[in-house]
Structure formats: C-alpha cells, structure tokens
Amino acid sequence: MNPAANLPTKTLKFVRPQREWRWGIAIYLYLAGMGAGSFIIGMFTHWNGFGFSLPPNVVTLWGIPFELSKAALLWGPILVAIGAPFLILDLGKKLKFYTACLNPRTSWLARGFFILSIFIVVGLIVFTVAVISFQWISHPPVFWRLFEVISVIFAFATAIYTGILLQSVKYVPIWNTPLLPILFLASALSTGSMGIILTTMGYGLLLSQGGSFPQLVNILIKVEQVFILLEAWVFISYLVSKYRLKDQGETSVRLLVAGDLRFLFWGGIVCVGFIFPTVLEYLYSNFPQYPVLLFATGVLLLAGGFFLRLGLLASGIKEQLPMHKLIEMKMNMSALQRRE
Amino acid sequence: MQGKVIVVDHEKCTGCRLCEMVCSVFHTGASNPSRSRIKVVKWESEGFYLPVTCQNCEKPFCVEVCPTKACHQDAENQRVLIDKDKCIGCKTCIVACPFGAPSFDHVERVSIKCDYCDGNPQCVAFCDIKALTYLDVDKVNIPKKREISLKYSELMRQIK
C-alpha cells in the first residue's frame, strides 16, 4: 500500500480553503480589473493606436455638446467606481472604510486604496473631458497628453494591483506567485477589450452608425483573441507551476481541478471563459452577419473572467504548519496499523 | 518577545473547551465559544486536542497586511495586539495568519485575538489539568528540560 495515497490532503478530506474573502471580493477584483483593462484598450483606441477610430457623433444636451463615441470607449473608471463599494460592503465596519489608507508602508490594501482612488478621479476627468470635449482644458496639448499617459499608468497599476493584493498574503501558496498579477493583467485586458467591443457594438446598434465602426470592431476582436490566448497560456503555466510545488500549492490545484470546485473550474473557467468564446468568435469570423454570436461571446467571456477570480479566491488554502504534518503522519500510521 | 507567554501542553489537554468558554465570558460577557480568542482544534479519531492561540510572531504577517494599523506590536513587550476602535473588519489579518489565530467577531464586526487578559489569562486560570500555563519567556523550556533529565536519570538507574 502506498501511504502517500492516504494523506488527508491527497484525499481532500480535511482541506479547508479560506472562507473570509468570498464573492464580494471576487466582484471587486473583477470589476477593478475589467474597468482598468477597458480603459487601457479604450485609451489606445482613443489615441488612434489601431488605425481606426469611431466617427464623431456629437449630441447637444442642455447646451453642452456630448461626444458619444468617446463615451463608448472610456467608460472604464465608472466600472472601477462600481466595483470599489463591493470591498466596502465586505468590511465589518463599513462606515470606517476611509481609514483603510493609514498603513501604506506595508499593506497593499492601503496602497490599493490610493491607486484606485487616483485612477477613478483621473480616469473620470479624462472621460469627462473626452465626452464633453472641452477645448480650453486640453491646451496646451502636451500637458494634456501627459495627463492621459498618467491615467493609463494608473490603469495598469489598478489591473496589476488586484493580483498583488492576493500575492501579498504570503501564507497562501496558490496566491503567492508573481504569475498571479500577470494572469490578472492578461484577464483584465481580455475582458476589458471585450467590454469595449460590446459597448461599441451597442453604441453602433443604438445609433445605426456605419463608417469605420465594423473595421474597428474587427481589429478589436483580433486584439482580444491575442489576449485570450495569452491569458490561457499564463493560466496553464500558473496551474502547472503550482501543481509541481508540493504541499498546499498542489492541494489548491487539485481542489480546483478534481475537488469540490471542479464544476466551477471546468464549467465556469475553462468552458465559459476560454473554450466557448474562442469557438463562438471563430464562428463569428465566418458568419459576420450574425452579431448575436459576438454578443454571446462577450457575455460568456465576461462571466468567465468573474469565475476565474472566484475560483482562485475559493481555492486559497494556507500552507501547512509542522503540526499539521505531524498529525497527518500519526493518522497514516494508525491507518496502516489498522489494516495490518 | 519579552514578558510572559501562554504555553500549551497538547498531551495534557482533554479537549473540554473550558478555556474557550471563560475567554468569551471574560471578553464579551457572553458564553459563546465562537467569540473566544483561543480555539481548541480537535482530532477525535486520534484523541489529539490542541488549544491554538496567537503565537506573537517576531515578524507578524497580520501587522504587515493590516491597512489601518489596528493590528500592531506594543512597544513594551513586542506583543501583537488588535485595536478594536481602529479595526474596520477587512479580515486580511485572518487570511494572512498561518496559525489561524485572529478570528472574526460576528457581533462586534471586527477581528479579535488573544491579549492575555491584561496580564491574567482566564484560560490559564481555569484550566484544571494545567494544559495551559503562563510562563516567562526564558522559562518556557524548563518543564521540557526537567522531563528529559528525569528520563535520563531513570535510564542511568536502570543501567546501574
């Protein structure tokens, strides 16, 4: 008999993943990542990074001109602002959330408070100026461009921060790896670009715009496919590297792939997050007359991004203490003696 | 770490959980073991009981990750304490602690952990079989030393 096959961590019998951070934190991480990702992609499109931009469409409300095509691109900070209250709702003392910035020297939660606040403020200013198209504020253009670059830097910081927050909890091996911020950045960019595609499509349907709109979406879809493949590659190497580490890194992966979380993993993350969007996008590239395929891709991909965060949070198992190992050895010895 | 610490002898513990009860009564006034600062981990099949409480690490993770500095080390004895007024209940310390020592009080909505009852730990006072003792840091190993020297003297006697 192989005693190792009987270990409680192998049978996943006594595994207790953390239950403190649950769906509220997952929504927070997801919306922060997706908002930052969509702002990054939107900003590159805004700078004409892909060679095509949306046709200008100015609507005047109460005497103020609104540029709706920019509203479809730069809505990321609003998503982050919607996500942040989910963290506050998860707190024990919700009204004292503003004191969560007192220890930025060591705590990433406090640093994140600053990063997210600055990103929301700066992003909303960029959004407002782009939509209402104030001419006077964007002069001289050099300073304004600098301001936009700063906003993109903070968007990257927000997307990476969601991973670093989990990484900073050192005693959970499946989170404690530099691959996690990279994975969350890749996921933020793929879900963010899908968010941009969906809003651009919705905007196009709403206003029945022609022009360069389909070309822009086609280019964004190609960008988005690259990000999905990148994310899948990072995710696979992340899981493999954690599985090859013994003890709890391996246990977390086993819990995800074959344990209680297997439906969330195979159904939510792998099928909904990676396989279905890839297949549907391939179908859409062959049948572009059915935009509903692209909408389905978008909804599935966005749901997959949320399941990814939820799965990684729910599989967080703390590293074993020597005392745990002692008890495991005792249990195995007694199990062996009983069999003999 | 200076001053006194709670020392656990898991071989003496019977798992009666009286320590949990007196801890919650002393700190909250309610006899509710889920609000206790000390937790007895039980492995019934092995007959193994281990009261777990804060280890007062030298470089505590809970202090590192606390966003409000509610979780701090006091200047005098380097003990890890949680300031109830500053804590916002973000539960990061609970996720970060390798020993699972801080826990979440669902009534007061803050993180709680052992504070040695201001110098007179109730769990130690009420532990009848002395599985818990409150000793000076430099005297923690003396019972173990005495035990091992007794074993040696027994061996020497047998050899003679």
# chains A, B, ... in the order shown; residues from 1 in each chain; ligands from 1
call {"tool": "select_by_dssp", "arguments": {"residues": "segment 27-88 of chain B", "states": "strand (DSSP E or B)", "output": "list in words"}}
result
Lys39, Val40, Val41, Lys42, Trp43, Phe48, Tyr49, Leu50, Pro51, Val52, Cys71, His72, Gln73, Val80, Leu81 and Ile82 of chain B
call {"tool": "write_last_selection", "arguments": {"atoms": "C-alpha atoms", "output": "PDB file, in the first residue's frame"}}
result
ATOM      1  CA  LYS B  39      -9.642  27.739  19.863  1.00  0.00           C
ATOM      2  CA  VAL B  40      -9.265  24.033  20.659  1.00  0.00           C
ATOM      3  CA  VAL B  41      -8.537  22.068  17.494  1.00  0.00           C
ATOM      4  CA  LYS B  42      -9.775  18.508  17.868  1.00  0.00           C
ATOM      5  CA  TRP B  43      -8.831  15.308  16.065  1.00  0.00           C
ATOM      6  CA  PHE B  48      -5.498  14.718  19.816  1.00  0.00           C
ATOM      7  CA  TYR B  49      -6.504  18.144  21.163  1.00  0.00           C
ATOM      8  CA  LEU B  50      -4.546  21.323  20.653  1.00  0.00           C
ATOM      9  CA  PRO B  51      -5.566  24.728  22.014  1.00  0.00           C
ATOM     10  CA  VAL B  52      -4.392  27.276  19.425  1.00  0.00           C
ATOM     11  CA  CYS B  71      -3.091  45.244  14.310  1.00  0.00           C
ATOM     12  CA  HIS B  72       0.171  46.374  15.911  1.00  0.00           C
ATOM     13  CA  GLN B  73       3.034  45.276  18.153  1.00  0.00           C
ATOM     14  CA  VAL B  80       0.752  41.607  18.764  1.00  0.00           C
ATOM     15  CA  LEU B  81      -2.486  43.388  19.633  1.00  0.00           C
ATOM     16  CA  ILE B  82      -5.600  44.485  17.727  1.00  0.00           C
TER      17      ILE B  82
END
call {"tool": "residues_around", "arguments": {"residues": "Ala100 of chain A", "least_positions_apart": "5", "cutoff": "12 Å", "atoms": "only C-alpha atoms", "output": "PyMOL selection string"}}
result
(chain A and resi 87-88+91+93-95+107-114+117) or (chain B and resi 65-70+86-90+92)
call {"tool": "write_last_selection", "arguments": {"atoms": "N, CA and C atoms", "output": "CSV table (one decimal), in the first residue's frame"}}
result
chain,number,residue,atom,x,y,z
A,87,LEU,N,-16.0,46.0,-2.1
A,87,LEU,CA,-15.0,45.8,-1.0
A,87,LEU,C,-15.5,46.4,0.3
A,88,ILE,N,-16.1,47.6,0.2
A,88,ILE,CA,-16.6,48.3,1.4
A,88,ILE,C,-17.7,47.5,2.0
A,91,LEU,N,-16.6,44.8,4.4
A,91,LEU,CA,-15.9,45.2,5.6
A,91,LEU,C,-16.9,44.9,6.8
A,93,LYS,N,-16.8,47.0,9.6
A,93,LYS,CA,-17.3,48.3,9.9
A,93,LYS,C,-17.3,49.1,8.6
A,94,LYS,N,-18.4,49.2,7.9
A,94,LYS,CA,-18.4,49.8,6.6
A,94,LYS,C,-18.2,51.3,6.6
A,95,LEU,N,-18.7,52.0,7.7
A,95,LEU,CA,-18.6,53.4,7.7
A,95,LEU,C,-17.2,53.9,7.9
A,107,SER,N,1.0,47.6,3.9
A,107,SER,CA,-0.2,47.0,3.5
A,107,SER,C,-0.6,47.3,2.1
A,108,TRP,N,-0.9,46.3,1.3
A,108,TRP,CA,-1.3,46.5,-0.1
A,108,TRP,C,-2.7,46.9,-0.2
A,109,LEU,N,-3.5,46.6,0.8
A,109,LEU,CA,-4.9,47.1,0.8
A,109,LEU,C,-4.9,48.6,0.9
A,110,ALA,N,-4.0,49.2,1.7
A,110,ALA,CA,-3.9,50.6,1.9
A,110,ALA,C,-3.4,51.3,0.6
A,111,ARG,N,-2.4,50.6,0.0
A,111,ARG,CA,-1.8,51.1,-1.3
A,111,ARG,C,-2.9,51.1,-2.4
A,112,GLY,N,-3.7,50.0,-2.4
A,112,GLY,CA,-4.7,49.9,-3.4
A,112,GLY,C,-5.8,51.0,-3.2
A,113,PHE,N,-6.1,51.3,-2.0
A,113,PHE,CA,-7.0,52.4,-1.7
A,113,PHE,C,-6.5,53.7,-2.5
A,114,PHE,N,-5.2,54.0,-2.4
A,114,PHE,CA,-4.7,55.2,-3.1
A,114,PHE,C,-4.7,55.0,-4.6
A,117,SER,N,-8.3,55.1,-5.9
A,117,SER,CA,-8.9,56.5,-5.8
A,117,SER,C,-8.4,57.4,-6.9
B,65,VAL,N,-0.1,43.2,6.9
B,65,VAL,CA,-1.1,43.4,5.9
B,65,VAL,C,-2.2,44.3,6.4
B,66,CYS,N,-2.2,44.7,7.7
B,66,CYS,CA,-3.3,45.5,8.2
B,66,CYS,C,-3.4,46.9,7.6
B,67,PRO,N,-4.4,47.3,7.0
B,67,PRO,CA,-4.4,48.6,6.3
B,67,PRO,C,-4.6,49.8,7.2
B,68,THR,N,-5.1,49.5,8.5
B,68,THR,CA,-5.4,50.7,9.3
B,68,THR,C,-4.5,50.8,10.5
B,69,LYS,N,-3.4,49.9,10.6
B,69,LYS,CA,-2.6,49.9,11.8
B,69,LYS,C,-3.3,49.5,13.1
B,70,ALA,N,-4.5,48.9,12.9
B,70,ALA,CA,-5.2,48.4,14.1
B,70,ALA,C,-4.4,47.2,14.7
B,86,LYS,N,-9.8,50.9,16.0
B,86,LYS,CA,-9.2,51.2,14.6
B,86,LYS,C,-9.6,50.1,13.6
B,87,CYS,N,-9.9,48.9,14.0
B,87,CYS,CA,-10.2,47.8,13.1
B,87,CYS,C,-11.4,48.1,12.3
B,88,ILE,N,-11.3,47.8,11.0
B,88,ILE,CA,-12.5,48.0,10.1
B,88,ILE,C,-13.1,46.7,9.7
B,89,GLY,N,-12.5,45.6,10.1
B,89,GLY,CA,-13.1,44.3,9.8
B,89,GLY,C,-12.9,43.8,8.4
B,90,CYS,N,-11.7,44.1,7.8
B,90,CYS,CA,-11.4,43.7,6.4
B,90,CYS,C,-11.0,42.3,6.3
B,92,THR,N,-8.3,40.8,6.4
B,92,THR,CA,-7.0,40.5,5.8
B,92,THR,C,-6.1,39.7,6.8
call {"tool": "interface_residues", "arguments": {"of": "chain A", "to": "chain B", "cutoff": "8 Å", "atoms": "only C-alpha atoms", "output": "MDAnalysis selection string"}}
result
chainID A and resid 18 20:21 90:94 96:97 99:104 106:110 168:172 318:319 321 330:331
call {"tool": "select_by_dssp", "arguments": {"residues": "segment 167-323 of chain A", "states": "alpha helix (DSSP H)", "output": "PyMOL selection string"}}
result
chain A and resi 167+179-207+213-244+248-257+262+276-286+291-314+322-323
call {"tool": "atom_distance", "arguments": {"atom1": "atom CA of Thr199 of chain A", "atom2": "atom CA of Val223 of chain A"}}
result
15.9 Å
call {"tool": "atom_distance", "arguments": {"atom1": "atom CA of Ala131 of chain B", "atom2": "atom CA of Asp118 of chain B"}}
result
20.4 Å
call {"tool": "atom_distance", "arguments": {"atom1": "atom CA of Asn332 of chain A", "atom2": "atom CA of Asp260 of chain A"}}
result
23.2 Å
call {"tool": "residues_around", "arguments": {"residues": "Phe86 of chain A", "least_positions_apart": "3", "cutoff": "12 Å", "atoms": "only C-alpha atoms", "output": "number ranges by chain"}}
result
A: 21-32, 79-83, 89-91, 94, 97; B: 90
call {"tool": "write_last_selection", "arguments": {"atoms": "N, CA and C atoms", "output": "PDB file, in the first residue's frame"}}
result
ATOM      1  N   TRP A  21     -12.677  35.712   2.323  1.00  0.00           N
ATOM      2  CA  TRP A  21     -12.880  36.517   1.119  1.00  0.00           C
ATOM      3  C   TRP A  21     -13.710  35.700   0.151  1.00  0.00           C
ATOM      4  N   ARG A  22     -14.892  36.188  -0.153  1.00  0.00           N
ATOM      5  CA  ARG A  22     -15.786  35.395  -0.989  1.00  0.00           C
ATOM      6  C   ARG A  22     -16.214  36.201  -2.201  1.00  0.00           C
ATOM      7  N   TRP A  23     -17.475  36.060  -2.629  1.00  0.00           N
ATOM      8  CA  TRP A  23     -17.879  36.624  -3.925  1.00  0.00           C
ATOM      9  C   TRP A  23     -17.796  38.149  -3.961  1.00  0.00           C
ATOM     10  N   GLY A  24     -17.969  38.802  -2.802  1.00  0.00           N
ATOM     11  CA  GLY A  24     -17.890  40.269  -2.787  1.00  0.00           C
ATOM     12  C   GLY A  24     -16.523  40.746  -3.239  1.00  0.00           C
ATOM     13  N   ILE A  25     -15.468  40.096  -2.688  1.00  0.00           N
ATOM     14  CA  ILE A  25     -14.102  40.451  -3.077  1.00  0.00           C
ATOM     15  C   ILE A  25     -13.864  40.056  -4.532  1.00  0.00           C
ATOM     16  N   ALA A  26     -14.464  38.907  -4.959  1.00  0.00           N
ATOM     17  CA  ALA A  26     -14.286  38.476  -6.354  1.00  0.00           C
ATOM     18  C   ALA A  26     -14.867  39.518  -7.305  1.00  0.00           C
ATOM     19  N   ILE A  27     -16.057  40.060  -6.971  1.00  0.00           N
ATOM     20  CA  ILE A  27     -16.660  41.092  -7.830  1.00  0.00           C
ATOM     21  C   ILE A  27     -15.770  42.331  -7.859  1.00  0.00           C
ATOM     22  N   TYR A  28     -15.227  42.679  -6.675  1.00  0.00           N
ATOM     23  CA  TYR A  28     -14.350  43.854  -6.587  1.00  0.00           C
ATOM     24  C   TYR A  28     -13.122  43.675  -7.477  1.00  0.00           C
ATOM     25  N   LEU A  29     -12.451  42.493  -7.350  1.00  0.00           N
ATOM     26  CA  LEU A  29     -11.262  42.252  -8.159  1.00  0.00           C
ATOM     27  C   LEU A  29     -11.607  42.249  -9.643  1.00  0.00           C
ATOM     28  N   TYR A  30     -12.773  41.651  -9.959  1.00  0.00           N
ATOM     29  CA  TYR A  30     -13.173  41.517 -11.361  1.00  0.00           C
ATOM     30  C   TYR A  30     -13.484  42.873 -11.981  1.00  0.00           C
ATOM     31  N   LEU A  31     -14.313  43.673 -11.295  1.00  0.00           N
ATOM     32  CA  LEU A  31     -14.696  44.965 -11.872  1.00  0.00           C
ATOM     33  C   LEU A  31     -13.498  45.903 -11.942  1.00  0.00           C
ATOM     34  N   ALA A  32     -12.609  45.855 -10.907  1.00  0.00           N
ATOM     35  CA  ALA A  32     -11.428  46.712 -10.960  1.00  0.00           C
ATOM     36  C   ALA A  32     -10.554  46.329 -12.144  1.00  0.00           C
ATOM     37  N   LEU A  79     -16.713  51.617 -14.141  1.00  0.00           N
ATOM     38  CA  LEU A  79     -16.774  50.224 -13.663  1.00  0.00           C
ATOM     39  C   LEU A  79     -15.982  50.052 -12.375  1.00  0.00           C
ATOM     40  N   VAL A  80     -14.764  50.652 -12.335  1.00  0.00           N
ATOM     41  CA  VAL A  80     -13.952  50.538 -11.124  1.00  0.00           C
ATOM     42  C   VAL A  80     -14.679  51.193  -9.952  1.00  0.00           C
ATOM     43  N   ALA A  81     -15.330  52.320 -10.227  1.00  0.00           N
ATOM     44  CA  ALA A  81     -16.064  53.019  -9.168  1.00  0.00           C
ATOM     45  C   ALA A  81     -17.259  52.191  -8.706  1.00  0.00           C
ATOM     46  N   ILE A  82     -17.836  51.368  -9.606  1.00  0.00           N
ATOM     47  CA  ILE A  82     -18.922  50.482  -9.171  1.00  0.00           C
ATOM     48  C   ILE A  82     -18.359  49.330  -8.346  1.00  0.00           C
ATOM     49  N   GLY A  83     -17.143  48.857  -8.712  1.00  0.00           N
ATOM     50  CA  GLY A  83     -16.571  47.700  -8.019  1.00  0.00           C
ATOM     51  C   GLY A  83     -16.086  48.008  -6.621  1.00  0.00           C
ATOM     52  N   LEU A  89     -18.560  46.909   1.177  1.00  0.00           N
ATOM     53  CA  LEU A  89     -19.673  46.105   1.702  1.00  0.00           C
ATOM     54  C   LEU A  89     -19.163  44.880   2.437  1.00  0.00           C
ATOM     55  N   ASP A  90     -17.963  44.408   2.081  1.00  0.00           N
ATOM     56  CA  ASP A  90     -17.420  43.221   2.716  1.00  0.00           C
ATOM     57  C   ASP A  90     -16.783  43.527   4.071  1.00  0.00           C
ATOM     58  N   LEU A  91     -16.573  44.799   4.374  1.00  0.00           N
ATOM     59  CA  LEU A  91     -15.930  45.169   5.636  1.00  0.00           C
ATOM     60  C   LEU A  91     -16.868  44.930   6.812  1.00  0.00           C
ATOM     61  N   LYS A  94     -18.420  49.214   7.944  1.00  0.00           N
ATOM     62  CA  LYS A  94     -18.443  49.797   6.596  1.00  0.00           C
ATOM     63  C   LYS A  94     -18.214  51.302   6.615  1.00  0.00           C
ATOM     64  N   PHE A  97     -14.525  52.924   6.298  1.00  0.00           N
ATOM     65  CA  PHE A  97     -13.669  52.462   5.204  1.00  0.00           C
ATOM     66  C   PHE A  97     -12.578  53.457   4.863  1.00  0.00           C
TER      67      PHE A  97
ATOM     68  N   CYS B  90     -11.673  44.111   7.826  1.00  0.00           N
ATOM     69  CA  CYS B  90     -11.427  43.710   6.427  1.00  0.00           C
ATOM     70  C   CYS B  90     -11.006  42.257   6.324  1.00  0.00           C
TER      71      CYS B  90
END
call {"tool": "residues_around", "arguments": {"residues": "segment 294-296 of chain A", "least_positions_apart": "4", "cutoff": "8 Å", "atoms": "only C-alpha atoms", "output": "ChimeraX atom specification"}}
result
/A:198,277,280-281,284,290,300
call {"tool": "write_last_selection", "arguments": {"atoms": "N, CA and C atoms", "output": "PDB file, in the first residue's frame"}}
result
ATOM      1  N   LEU A 198     -18.264  45.160 -26.816  1.00  0.00           N
ATOM      2  CA  LEU A 198     -19.711  45.125 -26.545  1.00  0.00           C
ATOM      3  C   LEU A 198     -20.301  46.526 -26.544  1.00  0.00           C
ATOM      4  N   PRO A 277     -15.921  31.133 -25.812  1.00  0.00           N
ATOM      5  CA  PRO A 277     -15.635  32.380 -26.519  1.00  0.00           C
ATOM      6  C   PRO A 277     -14.765  32.177 -27.748  1.00  0.00           C
ATOM      7  N   LEU A 280     -17.011  30.542 -30.437  1.00  0.00           N
ATOM      8  CA  LEU A 280     -18.025  31.471 -30.940  1.00  0.00           C
ATOM      9  C   LEU A 280     -17.388  32.586 -31.760  1.00  0.00           C
ATOM     10  N   GLU A 281     -16.197  33.020 -31.342  1.00  0.00           N
ATOM     11  CA  GLU A 281     -15.536  34.070 -32.106  1.00  0.00           C
ATOM     12  C   GLU A 281     -15.101  33.557 -33.470  1.00  0.00           C
ATOM     13  N   TYR A 284     -18.120  33.577 -35.504  1.00  0.00           N
ATOM     14  CA  TYR A 284     -18.490  34.937 -35.894  1.00  0.00           C
ATOM     15  C   TYR A 284     -17.615  35.419 -37.045  1.00  0.00           C
ATOM     16  N   TYR A 290     -24.203  37.618 -38.285  1.00  0.00           N
ATOM     17  CA  TYR A 290     -24.934  37.353 -37.041  1.00  0.00           C
ATOM     18  C   TYR A 290     -24.212  38.004 -35.865  1.00  0.00           C
ATOM     19  N   LEU A 300     -20.236  35.502 -22.322  1.00  0.00           N
ATOM     20  CA  LEU A 300     -19.566  34.325 -21.765  1.00  0.00           C
ATOM     21  C   LEU A 300     -18.171  34.680 -21.262  1.00  0.00           C
TER      22      LEU A 300
END
call {"tool": "decode", "arguments": {"residues": "segment 240-267 of chain A", "atoms": "N, CA and C atoms", "output": "PDB file, in the first residue's frame"}}
result
ATOM      1  N   VAL A 240       0.274  24.744 -13.704  1.00  0.00           N
ATOM      2  CA  VAL A 240       1.305  23.699 -13.748  1.00  0.00           C
ATOM      3  C   VAL A 240       2.402  24.004 -12.743  1.00  0.00           C
ATOM      4  N   SER A 241       2.821  25.290 -12.682  1.00  0.00           N
ATOM      5  CA  SER A 241       3.902  25.626 -11.748  1.00  0.00           C
ATOM      6  C   SER A 241       3.454  25.423 -10.314  1.00  0.00           C
ATOM      7  N   LYS A 242       2.183  25.686 -10.028  1.00  0.00           N
ATOM      8  CA  LYS A 242       1.692  25.486  -8.662  1.00  0.00           C
ATOM      9  C   LYS A 242       1.530  24.000  -8.362  1.00  0.00           C
ATOM     10  N   TYR A 243       1.136  23.222  -9.385  1.00  0.00           N
ATOM     11  CA  TYR A 243       0.938  21.784  -9.149  1.00  0.00           C
ATOM     12  C   TYR A 243       2.271  21.108  -8.863  1.00  0.00           C
ATOM     13  N   ARG A 244       3.331  21.613  -9.487  1.00  0.00           N
ATOM     14  CA  ARG A 244       4.631  20.974  -9.282  1.00  0.00           C
ATOM     15  C   ARG A 244       5.221  21.326  -7.923  1.00  0.00           C
ATOM     16  N   LEU A 245       4.763  22.422  -7.308  1.00  0.00           N
ATOM     17  CA  LEU A 245       5.158  22.684  -5.921  1.00  0.00           C
ATOM     18  C   LEU A 245       4.367  21.723  -5.050  1.00  0.00           C
ATOM     19  N   LYS A 246       5.037  21.070  -4.119  1.00  0.00           N
ATOM     20  CA  LYS A 246       4.312  20.111  -3.291  1.00  0.00           C
ATOM     21  C   LYS A 246       3.494  20.864  -2.230  1.00  0.00           C
ATOM     22  N   ASP A 247       2.915  20.107  -1.332  1.00  0.00           N
ATOM     23  CA  ASP A 247       2.095  20.656  -0.246  1.00  0.00           C
ATOM     24  C   ASP A 247       0.905  21.439  -0.780  1.00  0.00           C
ATOM     25  N   GLN A 248       0.682  22.650  -0.232  1.00  0.00           N
ATOM     26  CA  GLN A 248      -0.633  23.243  -0.443  1.00  0.00           C
ATOM     27  C   GLN A 248      -0.822  23.869  -1.818  1.00  0.00           C
ATOM     28  N   GLY A 249       0.264  24.229  -2.497  1.00  0.00           N
ATOM     29  CA  GLY A 249       0.084  24.731  -3.862  1.00  0.00           C
ATOM     30  C   GLY A 249      -0.565  23.659  -4.711  1.00  0.00           C
ATOM     31  N   GLU A 250      -0.048  22.423  -4.539  1.00  0.00           N
ATOM     32  CA  GLU A 250      -0.606  21.293  -5.269  1.00  0.00           C
ATOM     33  C   GLU A 250      -2.044  21.026  -4.825  1.00  0.00           C
ATOM     34  N   THR A 251      -2.278  21.124  -3.502  1.00  0.00           N
ATOM     35  CA  THR A 251      -3.615  20.832  -2.989  1.00  0.00           C
ATOM     36  C   THR A 251      -4.649  21.783  -3.574  1.00  0.00           C
ATOM     37  N   SER A 252      -4.286  23.080  -3.674  1.00  0.00           N
ATOM     38  CA  SER A 252      -5.231  24.049  -4.231  1.00  0.00           C
ATOM     39  C   SER A 252      -5.586  23.690  -5.661  1.00  0.00           C
ATOM     40  N   VAL A 253      -4.550  23.308  -6.458  1.00  0.00           N
ATOM     41  CA  VAL A 253      -4.817  22.957  -7.857  1.00  0.00           C
ATOM     42  C   VAL A 253      -5.695  21.712  -7.921  1.00  0.00           C
ATOM     43  N   ARG A 254      -5.401  20.735  -7.025  1.00  0.00           N
ATOM     44  CA  ARG A 254      -6.228  19.525  -7.020  1.00  0.00           C
ATOM     45  C   ARG A 254      -7.669  19.853  -6.631  1.00  0.00           C
ATOM     46  N   LEU A 255      -7.814  20.781  -5.667  1.00  0.00           N
ATOM     47  CA  LEU A 255      -9.166  21.181  -5.255  1.00  0.00           C
ATOM     48  C   LEU A 255      -9.914  21.819  -6.430  1.00  0.00           C
ATOM     49  N   LEU A 256      -9.172  22.614  -7.230  1.00  0.00           N
ATOM     50  CA  LEU A 256      -9.798  23.261  -8.384  1.00  0.00           C
ATOM     51  C   LEU A 256     -10.137  22.241  -9.470  1.00  0.00           C
ATOM     52  N   VAL A 257      -9.164  21.387  -9.799  1.00  0.00           N
ATOM     53  CA  VAL A 257      -9.319  20.551 -10.991  1.00  0.00           C
ATOM     54  C   VAL A 257     -10.177  19.323 -10.710  1.00  0.00           C
ATOM     55  N   ALA A 258     -10.024  18.732  -9.502  1.00  0.00           N
ATOM     56  CA  ALA A 258     -10.722  17.478  -9.247  1.00  0.00           C
ATOM     57  C   ALA A 258     -11.544  17.491  -7.971  1.00  0.00           C
ATOM     58  N   GLY A 259     -11.466  18.576  -7.174  1.00  0.00           N
ATOM     59  CA  GLY A 259     -12.157  18.563  -5.888  1.00  0.00           C
ATOM     60  C   GLY A 259     -13.533  19.198  -5.958  1.00  0.00           C
ATOM     61  N   ASP A 260     -13.901  19.863  -4.868  1.00  0.00           N
ATOM     62  CA  ASP A 260     -15.236  20.458  -4.794  1.00  0.00           C
ATOM     63  C   ASP A 260     -15.452  21.553  -5.829  1.00  0.00           C
ATOM     64  N   LEU A 261     -14.358  22.174  -6.278  1.00  0.00           N
ATOM     65  CA  LEU A 261     -14.509  23.310  -7.190  1.00  0.00           C
ATOM     66  C   LEU A 261     -14.433  22.887  -8.655  1.00  0.00           C
ATOM     67  N   ARG A 262     -14.531  21.561  -8.945  1.00  0.00           N
ATOM     68  CA  ARG A 262     -14.289  21.120 -10.315  1.00  0.00           C
ATOM     69  C   ARG A 262     -15.354  21.643 -11.284  1.00  0.00           C
ATOM     70  N   PHE A 263     -16.607  21.812 -10.794  1.00  0.00           N
ATOM     71  CA  PHE A 263     -17.645  22.327 -11.700  1.00  0.00           C
ATOM     72  C   PHE A 263     -17.375  23.784 -12.037  1.00  0.00           C
ATOM     73  N   LEU A 264     -16.951  24.547 -11.003  1.00  0.00           N
ATOM     74  CA  LEU A 264     -16.604  25.948 -11.250  1.00  0.00           C
ATOM     75  C   LEU A 264     -15.419  26.034 -12.203  1.00  0.00           C
ATOM     76  N   PHE A 265     -14.434  25.126 -12.016  1.00  0.00           N
ATOM     77  CA  PHE A 265     -13.222  25.201 -12.831  1.00  0.00           C
ATOM     78  C   PHE A 265     -13.503  24.803 -14.275  1.00  0.00           C
ATOM     79  N   TRP A 266     -14.029  23.553 -14.462  1.00  0.00           N
ATOM     80  CA  TRP A 266     -14.212  23.074 -15.843  1.00  0.00           C
ATOM     81  C   TRP A 266     -15.357  23.795 -16.537  1.00  0.00           C
ATOM     82  N   GLY A 267     -16.461  24.014 -15.802  1.00  0.00           N
ATOM     83  CA  GLY A 267     -17.609  24.680 -16.420  1.00  0.00           C
ATOM     84  C   GLY A 267     -17.405  26.171 -16.529  1.00  0.00           C
TER      85      GLY A 267
END
